[in-house]
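Written below as structure tokens is the structure these notes are about.
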Amino acid sequence: MRFVLVVQLLFWLHLAAESFVTGEEIHRKPNIVLMMVDDLGIGDIGCYGNDTIRTPNIDRLASEGVKLTQHIAAAPLCTPSRTAFVTGRYAVRSGMTSTGRVQVLLFLGGSGGLPPDETTFAKRLQQQGYTTGLVGKWHLGVSCEHRGDHCHHPNQHGFSYFYGLPFTLFNDCVPGEGSDVLADFQETLQNLMMLFGFTLVCVHVCGLFEARLRLVVPLFFLTILATAVWYVPFKLLPIWNCIIMRNQEVIEQPMTVETVPQRLLGEAQNFIRRNADRPFLLFFSLVHVHIPLFKTPAFAGKSRHGPYGDNLEEMDWMIGEITETVDSLGLASNTLMYFASDHGGHLEDSDLTTGQKGGWNSIYKGGKAMGGWEGGIRVPGIFRWPGRLAAGRVVDEPTSLMDLYPTLKYLAEDTDPDRLLDGHNLMPLLEGKVGRSDHEFMFHYCGIYLNAVRWHPPGSDSIFKIHFFTPNFSPPGAVGCYDTKVCMCHGEHVTRHNPPLLFDLFHDPSESRPLSPETEPRYAEILEQTAKAVARHESTFTSRQTSDDTHSHTSAATHGVEVQMSWSKILWRPWLQPCCGTFPFCWCKENMTHVLEQNVQELKNK
């Protein structure tokens, strides 16, 4: 009898244990996999209308999940857009915007970056028990006052694990691709050096060396100074900026660009595998399809659109590998996967040898660095969560990259107080519980200046957008800023509109037919409602002062925060430069054997 009772007791204890485990699994917080690509045009993807480039893996995410057709970046350039993405707030709130020509961080040895007191979604989820990782591009700064303080580093902003590029991939990383960083300034410094040197030679040849010593000595030192200012920061950029870090350690300097895709993919897959048994957040920040373009042998020459198409298809394959990793571990039903680009494609980048290096922004006007024109800010947006989100659903309402922050907070059951957010929780919209976006107004910045505003009136399908100013395209008749390679947001580089340009994106998504009082009955109301919205928006900043720039509604002064992309913070400082050796002798190579072995077979089986 006692034996029977013991057996029954053990049986019920077993059932109770199973019930407890099952209940724990049911209520486990979801995993998050965020995949963001660089400089991708919305027209480059099959599920967004491209029928000449193969993107089956991204298309599969859309067919198995929810596709957003009006997903908007908060800025048309990397640094401010990514700032808004990770913080859920317009980049001007943290000073990550520019008042002049330099609109992104240029040197890892600069002191600008995402302020230490700013909050990211990674930090919030980390506080809720998530294991958090960033693999790939950061481009939001490293250090503040000295090498090693890492005040802007991902590890200080909630990412417990970081592997990748603290800067970005750019032309200077590949010999023969030219330079992206202040090329005209470099040329000026080089010319000054040559001028001073030529003057010294003339002085010597003319026999003026002894008679004009007071002239020769300053010229000699000016030549040395000009040479150092030009050569050391700029000609050594591959060493200073093109590096790989694991957490706060520089593990490769300069980086071997050819193997970057395989290494990033391997690190992202390994992060998922390591954390499969607990809630995790992975931000897989790809360096595709930013220039310089990769020349991976398995993809070279395989597309119908040259090197850019090859890179797109390689990027799609990488997305497929991440998806397969999630699915093979049995995590799909408890993992939210998200795919987007940080902004639109770069139209101006091309040459006679390679052809077009940037993306296609479909029917939308403009592109990267072109203010509020749709082509630079309307990006792909796809969410996949089998069992939670209906497959094949399409949402045509305005949404933002900034919406990820509050959405992830909601999924992590984070109810703690937070600062003012500009994004909104997307889950009710993604699940079909509501039909309207919470974004009645959205604000578009060009640098630090409020460039455009869109209004989605309640009860209307129309989405009106007004432009206060637009960048001047060059040469005349072009559809981009080909003379300067990127458009700028200040002074003579823009045209101010009074009254503003007004478009209805619902009927005119390409922004080709400006509205007028004669063609739009609500014209006066639209301008009035938008002006009130701008006033409310500006009132949310910490300080209100008069701007000295007549074409902006907001300025560095009104934001009440320190601008992180001023010249004093942008320019290179030797004492801030990350280095894997004894500065300035910075050189090291990562042992890539294990990474290459993991990925070579996958490439062969493509």
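Residues in the structure tokens are numbered from 1 in each chain, the chains being A, B, ... in the order shown, and ligands are numbered from 1 in the order shown.
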
Within 9 Å of range 431-438 of chain A using only C-alpha atoms, minus same-chain residues under 6 positions, as number ranges by chain:
A: 66, 388-390, 393, 395, 397-399, 423-425, 456, 458

Restricting the output to N, CA and C atoms, write the selected residues as a PDB file, in the first residue's frame.
ATOM      1  N   VAL A  66       4.334  40.368 -41.443  1.00  0.00           N
ATOM      2  CA  VAL A  66       3.642  41.622 -41.739  1.00  0.00           C
ATOM      3  C   VAL A  66       4.596  42.564 -42.469  1.00  0.00           C
ATOM      4  N   ARG A 388       1.868  34.463 -33.823  1.00  0.00           N
ATOM      5  CA  ARG A 388       1.477  35.713 -33.165  1.00  0.00           C
ATOM      6  C   ARG A 388       1.038  36.758 -34.190  1.00  0.00           C
ATOM      7  N   LEU A 389       1.737  36.825 -35.318  1.00  0.00           N
ATOM      8  CA  LEU A 389       1.394  37.783 -36.370  1.00  0.00           C
ATOM      9  C   LEU A 389       0.889  37.023 -37.593  1.00  0.00           C
ATOM     10  N   ALA A 390      -0.214  37.503 -38.159  1.00  0.00           N
ATOM     11  CA  ALA A 390      -0.820  36.844 -39.308  1.00  0.00           C
ATOM     12  C   ALA A 390       0.102  36.891 -40.522  1.00  0.00           C
ATOM     13  N   ARG A 393       0.119  39.698 -43.969  1.00  0.00           N
ATOM     14  CA  ARG A 393      -0.589  40.940 -43.665  1.00  0.00           C
ATOM     15  C   ARG A 393       0.225  42.139 -44.164  1.00  0.00           C
ATOM     16  N   VAL A 395       0.418  46.414 -43.895  1.00  0.00           N
ATOM     17  CA  VAL A 395      -0.022  47.606 -43.160  1.00  0.00           C
ATOM     18  C   VAL A 395       0.404  48.836 -43.940  1.00  0.00           C
ATOM     19  N   GLU A 397      -0.343  51.991 -43.013  1.00  0.00           N
ATOM     20  CA  GLU A 397      -0.325  53.157 -42.136  1.00  0.00           C
ATOM     21  C   GLU A 397       1.106  53.641 -41.895  1.00  0.00           C
ATOM     22  N   PRO A 398       1.285  54.950 -41.612  1.00  0.00           N
ATOM     23  CA  PRO A 398       2.626  55.467 -41.300  1.00  0.00           C
ATOM     24  C   PRO A 398       3.186  54.837 -40.025  1.00  0.00           C
ATOM     25  N   THR A 399       4.396  54.343 -40.115  1.00  0.00           N
ATOM     26  CA  THR A 399       5.114  53.795 -38.967  1.00  0.00           C
ATOM     27  C   THR A 399       6.551  54.320 -39.026  1.00  0.00           C
ATOM     28  N   GLY A 423       8.357  57.420 -30.654  1.00  0.00           N
ATOM     29  CA  GLY A 423       7.806  56.235 -31.292  1.00  0.00           C
ATOM     30  C   GLY A 423       6.588  55.724 -30.541  1.00  0.00           C
ATOM     31  N   HIS A 424       5.895  54.763 -31.139  1.00  0.00           N
ATOM     32  CA  HIS A 424       4.689  54.171 -30.548  1.00  0.00           C
ATOM     33  C   HIS A 424       4.763  52.646 -30.646  1.00  0.00           C
ATOM     34  N   ASN A 425       4.145  51.973 -29.695  1.00  0.00           N
ATOM     35  CA  ASN A 425       4.072  50.523 -29.700  1.00  0.00           C
ATOM     36  C   ASN A 425       3.310  50.047 -30.939  1.00  0.00           C
ATOM     37  N   HIS A 456      -1.394  62.784 -41.151  1.00  0.00           N
ATOM     38  CA  HIS A 456      -2.381  61.767 -41.529  1.00  0.00           C
ATOM     39  C   HIS A 456      -3.671  62.120 -40.791  1.00  0.00           C
ATOM     40  N   PRO A 458      -7.216  62.360 -39.086  1.00  0.00           N
ATOM     41  CA  PRO A 458      -8.169  61.340 -38.625  1.00  0.00           C
ATOM     42  C   PRO A 458      -9.326  61.194 -39.616  1.00  0.00           C
TER      43      PRO A 458
END

If we count only C-alpha atoms, what is near Lys409 in chain A at a cut-off of 9 Å, once residues fewer than 4 positions away on the same chain are taken out, given as a list in words?
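In the requested format, the answer is Phe121, Arg124, Leu125, Leu404, Tyr405, Glu413, Asp414, Thr415 and Asn425 of chain A.
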
For the selection just defined, write its residues with C-alpha atoms to a file, as an mmCIF file, in the first residue's frame.
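Dumped everything to out.cif:
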data_model
loop_
_atom_site.group_PDB
_atom_site.id
_atom_site.type_symbol
_atom_site.label_atom_id
_atom_site.label_comp_id
_atom_site.auth_asym_id
_atom_site.auth_seq_id
_atom_site.Cartn_x
_atom_site.Cartn_y
_atom_site.Cartn_z
ATOM 1 C CA PHE A 121 16.086 49.683 -26.153
ATOM 2 C CA ARG A 124 15.826 48.666 -21.175
ATOM 3 C CA LEU A 125 15.695 45.000 -22.190
ATOM 4 C CA LEU A 404 10.858 49.624 -32.245
ATOM 5 C CA TYR A 405 11.865 51.039 -28.859
ATOM 6 C CA GLU A 413 6.878 43.740 -20.095
ATOM 7 C CA ASP A 414 8.838 46.846 -19.175
ATOM 8 C CA THR A 415 6.426 49.224 -17.413
ATOM 9 C CA ASN A 425 4.072 50.523 -29.700
#

Exercise: Trp385 in chain A partners within 10 Å, only C-alpha atoms, chain neighbours under 2 positions left out, as a PyMOL selection string:
chain A and resi 30+32+61+64-66+332-338+383+387-391

For His497 in chain A, which residue among A:Ala452, A:Ile377, A:Pro261, A:Lys302 is the nearest when counting only C-alpha atoms?
A:Ala452

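CA of Leu140 in chain A lies 7.4 Å from CA of Phe167 in chain A.
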